[in-house]
$ cat model-v3.pdb   # PDB, C-alpha atoms, pLDDT in the B column
ATOM      1  CA  ASP A   1      24.425 -10.291 -10.179  1.00 54.00           C
ATOM      2  CA  LEU A   2      24.751 -10.576  -6.405  1.00 51.00           C
ATOM      3  CA  PHE A   3      21.592  -8.518  -5.990  1.00 52.00           C
ATOM      4  CA  GLU A   4      19.731 -10.883  -8.336  1.00 60.00           C
ATOM      5  CA  ARG A   5      20.927 -13.932  -6.391  1.00 59.00           C
ATOM      6  CA  LEU A   6      19.856 -12.343  -3.115  1.00 54.00           C
ATOM      7  CA  SER A   7      16.489 -11.475  -4.608  1.00 64.00           C
ATOM      8  CA  ILE A   8      16.015 -15.021  -5.901  1.00 59.00           C
ATOM      9  CA  SER A   9      17.073 -16.426  -2.541  1.00 62.00           C
ATOM     10  CA  LYS A  10      14.586 -14.134  -0.813  1.00 65.00           C
ATOM     11  CA  ASN A  11      11.797 -15.286  -3.150  1.00 68.00           C
ATOM     12  CA  ILE A  12      12.605 -18.954  -2.515  1.00 67.00           C
ATOM     13  CA  LYS A  13      12.573 -18.355   1.238  1.00 70.00           C
ATOM     14  CA  SER A  14       9.264 -16.506   0.941  1.00 75.00           C
ATOM     15  CA  THR A  15       7.789 -19.320  -1.151  1.00 76.00           C
ATOM     16  CA  ASN A  16       8.916 -21.971   1.323  1.00 78.00           C
ATOM     17  CA  SER A  17       7.464 -20.104   4.281  1.00 86.00           C
ATOM     18  CA  TYR A  18       4.216 -19.640   2.357  1.00 86.00           C
ATOM     19  CA  LYS A  19       4.058 -23.392   1.689  1.00 87.00           C
ATOM     20  CA  ALA A  20       4.187 -23.915   5.448  1.00 87.00           C
ATOM     21  CA  LYS A  21       1.422 -21.338   5.919  1.00 90.00           C
ATOM     22  CA  VAL A  22      -0.755 -23.107   3.339  1.00 90.00           C
ATOM     23  CA  GLU A  23      -0.259 -26.427   5.108  1.00 90.00           C
ATOM     24  CA  ASN A  24      -1.339 -24.784   8.375  1.00 89.00           C
ATOM     25  CA  LEU A  25      -4.405 -23.308   6.683  1.00 88.00           C
ATOM     26  CA  LYS A  26      -5.353 -26.669   5.195  1.00 88.00           C
ATOM     27  CA  SER A  27      -5.121 -28.392   8.569  1.00 91.00           C
ATOM     28  CA  ALA A  28      -7.065 -25.699  10.434  1.00 88.00           C
ATOM     29  CA  PRO A  29     -10.569 -26.536  11.721  1.00 91.00           C
ATOM     30  CA  ASN A  30     -12.092 -23.918   9.404  1.00 93.00           C
ATOM     31  CA  ALA A  31      -9.772 -24.717   6.479  1.00 91.00           C
ATOM     32  CA  ASP A  32     -12.242 -23.988   3.681  1.00 92.00           C
ATOM     33  CA  GLN A  33     -13.065 -20.549   5.022  1.00 94.00           C
ATOM     34  CA  ALA A  34      -9.421 -19.708   5.796  1.00 92.00           C
ATOM     35  CA  ILE A  35      -8.307 -20.718   2.307  1.00 92.00           C
ATOM     36  CA  TYR A  36     -11.199 -18.786   0.755  1.00 94.00           C
ATOM     37  CA  TRP A  37     -10.171 -15.585   2.558  1.00 95.00           C
ATOM     38  CA  GLU A  38      -6.498 -16.075   1.760  1.00 94.00           C
ATOM     39  CA  ARG A  39      -7.353 -16.605  -1.907  1.00 96.00           C
ATOM     40  CA  THR A  40      -9.635 -13.542  -1.907  1.00 97.00           C
ATOM     41  CA  ASN A  41      -6.895 -11.378  -0.399  1.00 97.00           C
ATOM     42  CA  ILE A  42      -4.344 -12.565  -2.946  1.00 96.00           C
ATOM     43  CA  LEU A  43      -6.708 -11.944  -5.864  1.00 98.00           C
ATOM     44  CA  LYS A  44      -7.431  -8.445  -4.546  1.00 98.00           C
ATOM     45  CA  LYS A  45      -3.712  -7.685  -4.236  1.00 98.00           C
ATOM     46  CA  ILE A  46      -3.038  -8.998  -7.758  1.00 98.00           C
ATOM     47  CA  SER A  47      -5.795  -6.775  -9.129  1.00 98.00           C
ATOM     48  CA  GLU A  48      -4.401  -3.733  -7.304  1.00 98.00           C
ATOM     49  CA  LEU A  49      -0.875  -4.399  -8.580  1.00 98.00           C
ATOM     50  CA  GLN A  50      -2.048  -4.920 -12.161  1.00 98.00           C
ATOM     51  CA  HIS A  51      -3.933  -1.624 -11.976  1.00 98.00           C
ATOM     52  CA  GLU A  52      -0.796   0.064 -10.641  1.00 98.00           C
ATOM     53  CA  VAL A  53       1.212  -1.272 -13.603  1.00 97.00           C
ATOM     54  CA  LYS A  54      -1.370   0.083 -16.059  1.00 97.00           C
ATOM     55  CA  VAL A  55      -1.283   3.510 -14.410  1.00 96.00           C
ATOM     56  CA  LEU A  56       2.526   3.597 -14.442  1.00 95.00           C
ATOM     57  CA  GLU A  57       2.660   2.524 -18.092  1.00 93.00           C
ATOM     58  CA  ASN A  58       0.143   5.233 -18.938  1.00 92.00           C
ATOM     59  CA  ASN A  59       2.167   7.827 -17.042  1.00 88.00           C
ATOM     60  CA  ILE A  60       5.310   7.005 -19.031  1.00 87.00           C
ATOM     61  CA  GLY A  61       3.485   8.084 -22.167  1.00 84.00           C
ATOM     62  CA  TYR A  62       3.015  11.592 -20.787  1.00 84.00           C
ATOM     63  CA  LEU A  63       6.687  12.218 -20.086  1.00 81.00           C
ATOM     64  CA  ALA A  64       8.472  14.526 -22.487  1.00 75.00           C
ATOM     65  CA  SER A  65      11.814  13.540 -23.915  1.00 75.00           C
ATOM     66  CA  SER A  66      14.541  15.069 -21.782  1.00 77.00           C
ATOM     67  CA  LYS A  67      17.382  13.911 -19.572  1.00 78.00           C
ATOM     68  CA  LYS A  68      15.314  14.262 -16.393  1.00 83.00           C
ATOM     69  CA  ALA A  69      12.325  12.593 -18.010  1.00 84.00           C
ATOM     70  CA  ASP A  70      14.516   9.708 -19.165  1.00 86.00           C
ATOM     71  CA  LEU A  71      15.734   9.184 -15.601  1.00 87.00           C
ATOM     72  CA  LEU A  72      12.153   9.226 -14.378  1.00 89.00           C
ATOM     73  CA  LYS A  73      11.165   6.753 -17.108  1.00 90.00           C
ATOM     74  CA  ILE A  74      13.899   4.381 -15.968  1.00 91.00           C
ATOM     75  CA  SER A  75      12.686   4.656 -12.392  1.00 93.00           C
ATOM     76  CA  ILE A  76       9.090   3.992 -13.437  1.00 94.00           C
ATOM     77  CA  GLU A  77      10.122   1.042 -15.612  1.00 94.00           C
ATOM     78  CA  GLU A  78      12.015  -0.461 -12.661  1.00 94.00           C
ATOM     79  CA  LYS A  79       8.918  -0.057 -10.492  1.00 96.00           C
ATOM     80  CA  ILE A  80       6.788  -1.696 -13.186  1.00 95.00           C
ATOM     81  CA  GLU A  81       9.155  -4.662 -13.356  1.00 94.00           C
ATOM     82  CA  LYS A  82       9.230  -5.020  -9.567  1.00 94.00           C
ATOM     83  CA  THR A  83       5.428  -4.883  -9.446  1.00 96.00           C
ATOM     84  CA  ARG A  84       5.153  -7.529 -12.180  1.00 95.00           C
ATOM     85  CA  GLN A  85       7.477  -9.765 -10.159  1.00 92.00           C
ATOM     86  CA  GLU A  86       5.207  -9.321  -7.136  1.00 93.00           C
ATOM     87  CA  VAL A  87       2.240 -10.388  -9.282  1.00 95.00           C
ATOM     88  CA  LEU A  88       4.106 -13.524 -10.367  1.00 93.00           C
ATOM     89  CA  ILE A  89       4.861 -14.393  -6.740  1.00 91.00           C
ATOM     90  CA  LEU A  90       1.216 -13.898  -5.789  1.00 93.00           C
ATOM     91  CA  GLU A  91       0.098 -16.059  -8.714  1.00 94.00           C
ATOM     92  CA  GLU A  92       2.442 -18.784  -7.479  1.00 92.00           C
ATOM     93  CA  LYS A  93       0.856 -18.484  -4.038  1.00 93.00           C
ATOM     94  CA  LEU A  94      -2.567 -18.965  -5.637  1.00 94.00           C
ATOM     95  CA  ARG A  95      -1.308 -22.147  -7.285  1.00 93.00           C
ATOM     96  CA  MET A  96      -0.104 -23.385  -3.895  1.00 91.00           C
ATOM     97  CA  LEU A  97      -3.543 -22.768  -2.416  1.00 90.00           C
ATOM     98  CA  ARG A  98      -5.192 -24.767  -5.210  1.00 88.00           C
ATOM     99  CA  ASP A  99      -2.888 -27.787  -4.828  1.00 81.00           C
TER     100      ASP A  99
END

$ encode --input "model-v3.pdb" --output "structure tokens"
Amino acid sequence: DLFERLSISKNIKSTNSYKAKVENLKSAPNADQAIYWERTNILKKISELQHEVKVLENNIGYLASSKKADLLKISIEEKIEKTRQEVLILEEKLRMLRD
């Protein structure tokens, strides 16, 4: 529970600092170009993370059923969930860029 609260707090802090970054980008002399490149980088990262999730999900299917494999599955599932959370954060950043 404490870990979840710290994680949520970290995400809120990250979101707030990104809002400030977006405001700086929008007020820059070359704002359109800066926002374009920021958006492009975020989209690229989202694509990479989504591909990583697909690969991890595929890899789970190849694991045999055993105690060690079950531990590995849990580890992979945790990584998948963490990666999906990163995608959600990046999607929120895209929304901030559009606003």

$ resolve_selection --input "model-v3.pdb" --expression "the PyMOL selection byres ((chain A and resi 43) around 12)" --output "PyMOL selection string"
chain A and resi 36-42+44-50+87-95+97

$ closest_residue --input "model-v3.pdb" --among "A:Asp99, A:Gln33, A:Ser14, A:Leu56" --to "Arg84 of chain A" --atoms "all atoms listed in the file"
A:Leu56

$ atom_distance --input "model-v3.pdb" --atom1 "atom CA of Gly61 of chain A" --atom2 "atom CA of Gln85 of chain A"
21.9 Å

$ resolve_selection --input "model-v3.pdb" --expression "the PyMOL selection byres ((chain A and resi 58-60) around 10)" --output "list in words"
Glu52, Val53, Lys54, Val55, Leu56, Glu57, Gly61, Tyr62, Leu63, Ala64, Ala69, Asp70, Leu72, Lys73, Ile74, Ile76 and Glu77 of chain A

$ atom_distance --input "model-v3.pdb" --atom1 "atom CA of Glu86 of chain A" --atom2 "atom CA of Ser65 of chain A"
29.1 Å
